[in-house]
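J.: This is the structure, below, for whatever I ask next.
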Amino acid sequence: MDARRYTQLRGMPVIVVVGGGFAGVAVARRLERRLGPAEARIVLVSRNNYSLFTPMLPEVTSGELEVRHVVTPIREQLHRAQFILADVEAIDIKEHAVRYRHVLTRIVSTQTFDQLVLALGSSTSTFGLPGVAENTWALKTLADADALRNHLVWLLEMADTIADDERREKLLCVTIVGGGFTGVETAGEIAGLFRSVVPLYKNLRANRPKIVLVEAGTALLAGLPAKMGEYSRRVLQRKGVEVVLGDGVAAADEHSLTLQSGRHIATETIVWSAGVKPSPFLAATSLPMDRHGAIRTGRDMRVEGVSGVWALGDCAAIPDGEGGTYPMTAQHAIREGPLCADNLVAALRGTSTQPFVYRALGMMAALGGRKAVAQLPGERVITGFVAWFLWRTYYLLRLPGLERKLRVAFDWTIDLMFPRDTAELRFGARQEERGEEMARHA
């Protein structure tokens, strides 16, 4: 039955939530608690049937955590809301309709709404640099992390097989672009992976893998206390990571990365973590956006000048009350969700909404090898084992569901006793193509 006709017959508003990440699921769960079954019909649309715990993606890349242990099925998190596995193709604000294509059947359908919540997240930004989009590995989704892990193992296997020393050196050089949290954590995790498994490859004992971390700014973890970036640099360098500061990327190709200084880094693997941008899908809508492509909202997360539409998470520019907007972090998205749902309920019931106000609890980055760096409230910084223990404890507690907590804790325990797994479970087309090229040059 058409949703609008359903609304007319039952007198129930239809609330559509688009996006199954931290923010979208948090909204849907809160709406279920705040609204009775006869008060509203709740629909969540997402292209994945799981929500991803993104802070642990670097550990998936290194094989420290199993892929499925950092995701939680959306259906397990919802009790009454309808879930639709689909890609949203268009949003018609005037008609109050969302057009989507089912991921499996590819059937196009339309869902009308009375209230719409947009939590579309963000995507990787390559800033239009030549060759970057075509020749780099992103680390934004679960598929990215799984593919990169398989690729890293493939590199070791190929380097152990070929006899060309020059080509082997290029294969064993992994370059990471971006000195923020993702870049720093990925560098530490890949260093840990190589340290754990390289002894298994007899032909690589004289050719150790090389990791290069490139940051255009003058320090790692920019925007945080200088002690955090300096400590991270020292720890990574002790792990054998070359840290390049103050030199941005000019271009990339299949066999090298070119920096703005003119330096060429011979490498077969470039991991791009230099920036994110709001979902590019938003550009096709008529919603008001800021210069970065994020939806402009009021402090209560209601979209400016649009009735019945709300936005939060990475796709929204939510004013912080001090002339800026809140950052695109998981800890903000998790807290924006419940308040957005509360404000939506208030709007339905004709009461006043509340502004989103939140001061970050702190920021943490794991560096591998039981070391981390953390900023606590009051600008206090802790480092080393204590910060690492805090990082693991905090994020373990934030994982949804006891089952996932136990699985991740077990993975961490196993990692303390055994080397990382070097099984490459899937040879993707990209690896196969490179393998064929290697064979031609061997």
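Chains: A, B, ... in order of the structure tokens. Residues: from 1 per chain. Ligands: from 1, in order shown.
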Find the spatial neighbours of Ser232 (chain A), counting only C-alpha atoms, within a cut-off of 8 Å - ignore same-chain residues fewer than 3 positions away - and output them as a list in words.
T.: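 Once the nearby chain positions are removed, what remains is Val184, Leu220, Met228, Gly229, Val235, Leu236, Leu367, Ala372 and Val373 of chain A.
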J.: Can you list, as an mmCIF file with C-alpha atoms, in the first residue's frame, every residue of region 191-268 of chain A that DSSP puts in helix (DSSP H, G or I)?
T.:
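Final output, states-v8.cif:
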data_model
loop_
_atom_site.group_PDB
_atom_site.id
_atom_site.type_symbol
_atom_site.label_atom_id
_atom_site.label_comp_id
_atom_site.auth_asym_id
_atom_site.auth_seq_id
_atom_site.Cartn_x
_atom_site.Cartn_y
_atom_site.Cartn_z
ATOM 1 C CA ALA A 191 53.821 -1.950 10.787
ATOM 2 C CA GLY A 192 52.531 -4.450 13.344
ATOM 3 C CA LEU A 193 51.240 -6.757 10.600
ATOM 4 C CA PHE A 194 54.566 -6.784 8.755
ATOM 5 C CA ARG A 195 56.573 -7.289 11.935
ATOM 6 C CA SER A 196 54.386 -10.265 12.810
ATOM 7 C CA VAL A 197 54.334 -12.117 9.480
ATOM 8 C CA VAL A 198 57.484 -11.204 7.507
ATOM 9 C CA PRO A 199 59.524 -13.938 9.284
ATOM 10 C CA LEU A 200 57.243 -16.434 7.523
ATOM 11 C CA LYS A 202 62.106 -16.593 3.706
ATOM 12 C CA ASN A 203 62.951 -14.530 0.621
ATOM 13 C CA LEU A 204 62.053 -11.263 2.364
ATOM 14 C CA ALA A 226 51.389 19.219 19.855
ATOM 15 C CA LYS A 227 52.512 16.548 22.325
ATOM 16 C CA MET A 228 50.127 14.037 20.714
ATOM 17 C CA GLY A 229 51.524 14.504 17.231
ATOM 18 C CA GLU A 230 55.133 14.500 18.402
ATOM 19 C CA TYR A 231 54.676 11.344 20.459
ATOM 20 C CA SER A 232 52.943 9.608 17.549
ATOM 21 C CA ARG A 233 55.807 10.551 15.236
ATOM 22 C CA ARG A 234 58.423 9.143 17.603
ATOM 23 C CA VAL A 235 56.556 5.882 18.160
ATOM 24 C CA LEU A 236 55.983 5.313 14.455
ATOM 25 C CA GLN A 237 59.593 6.065 13.611
ATOM 26 C CA ARG A 238 60.748 3.539 16.198
#
J.: As an exercise, work out the distance from CA of Ala216 (chain A) to CA of Gln260 (chain A) in Å and give it to one decimal place.
T.: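 Going from CA of Ala216 (chain A) over to CA of Gln260 (chain A), I get 9.1 Å.
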J.: Please provide the set of residues having any atom within 8 Å of Arg29 (chain A), restricted to only C-alpha atoms, with same-chain residues fewer than 3 positions apart removed, written as a PyMOL selection string.
T.: chain A and resi 25-26+32-33+77-78
J.: Restricting the output to C-alpha atoms, write the selected residues as an mmCIF file, in the first residue's frame.
T.:
data_model
loop_
_atom_site.group_PDB
_atom_site.id
_atom_site.type_symbol
_atom_site.label_atom_id
_atom_site.label_comp_id
_atom_site.auth_asym_id
_atom_site.auth_seq_id
_atom_site.Cartn_x
_atom_site.Cartn_y
_atom_site.Cartn_z
ATOM 1 C CA VAL A 25 20.654 3.800 13.723
ATOM 2 C CA ALA A 26 20.784 5.969 16.850
ATOM 3 C CA GLU A 32 11.237 3.320 18.692
ATOM 4 C CA ARG A 33 11.536 4.085 22.386
ATOM 5 C CA GLN A 77 19.383 -3.280 16.552
ATOM 6 C CA LEU A 78 15.812 -2.453 15.538
#
J.: Using only C-alpha atoms, which residue out of A:Arg291, A:Arg407, A:Lys210, A:Arg41 lies closest to Gln82 (chain A)?
T.: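 Of A:Arg291, A:Arg407, A:Lys210, A:Arg41, the one nearest Gln82 (chain A) is A:Arg41, counting only C-alpha atoms.
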J.: Would you mind listing what lies within 6 Å of Leu44 (chain A) as number ranges by chain, with only C-alpha atoms counted and same-chain residues fewer than 6 positions away left out?
T.: A: 16-18, 83
J.: Would you put the residues from that selection into a file with C-alpha atoms, as a PDB file, in the first residue's frame?
T.:
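What follows is the written file part13.pdb:
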ATOM      1  CA  VAL A  16      12.010   7.796   6.960  1.00  0.00           C
ATOM      2  CA  VAL A  17      15.627   7.589   8.146  1.00  0.00           C
ATOM      3  CA  VAL A  18      18.219   7.398   5.364  1.00  0.00           C
ATOM      4  CA  PHE A  83      14.346  -1.894   7.322  1.00  0.00           C
TER       5      PHE A  83
END
J.: What's around Gly248 (chain A) at 9 Å? Count only C-alpha atoms, leave out sequence neighbours fewer than 2 positions away in its own chain, and write the answer as a ChimeraX atom specification.
T.: /A:177,214-217,245-246,250,258-261
J.: Skip Asp300 (chain A) itself and residues of its chain fewer than 2 positions away, then list as a PyMOL selection string all residues within 8 Å of it, counting only C-alpha atoms.
T.: chain A and resi 297-298+302+340+343+353-356
J.: Could you check how far CA of Pro319 (chain A) sits from CA of Gly21 (chain A), in Å to one decimal?
T.: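 Between these atoms lies a distance of 21.0 Å.
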J.: Leaving out Phe113 (chain A) and any residue of its chain fewer than 6 positions from it, which residues lie within 10 Å of it when counting only C-alpha atoms, given as a PyMOL selection string?
T.: chain A and resi 3-4+7+13-17+41-43+93+95-98+308-309
J.: In Å to one decimal, how far is CA of Val212 (chain A) from CA of Asp421 (chain A)?
T.: 23.1 Å
J.: So which one's closest to Val45 (chain A), A:Ala366, A:Ile414, A:Ala86, A:Ala311? Using only C-alpha atoms, please.
T.: A:Ala86
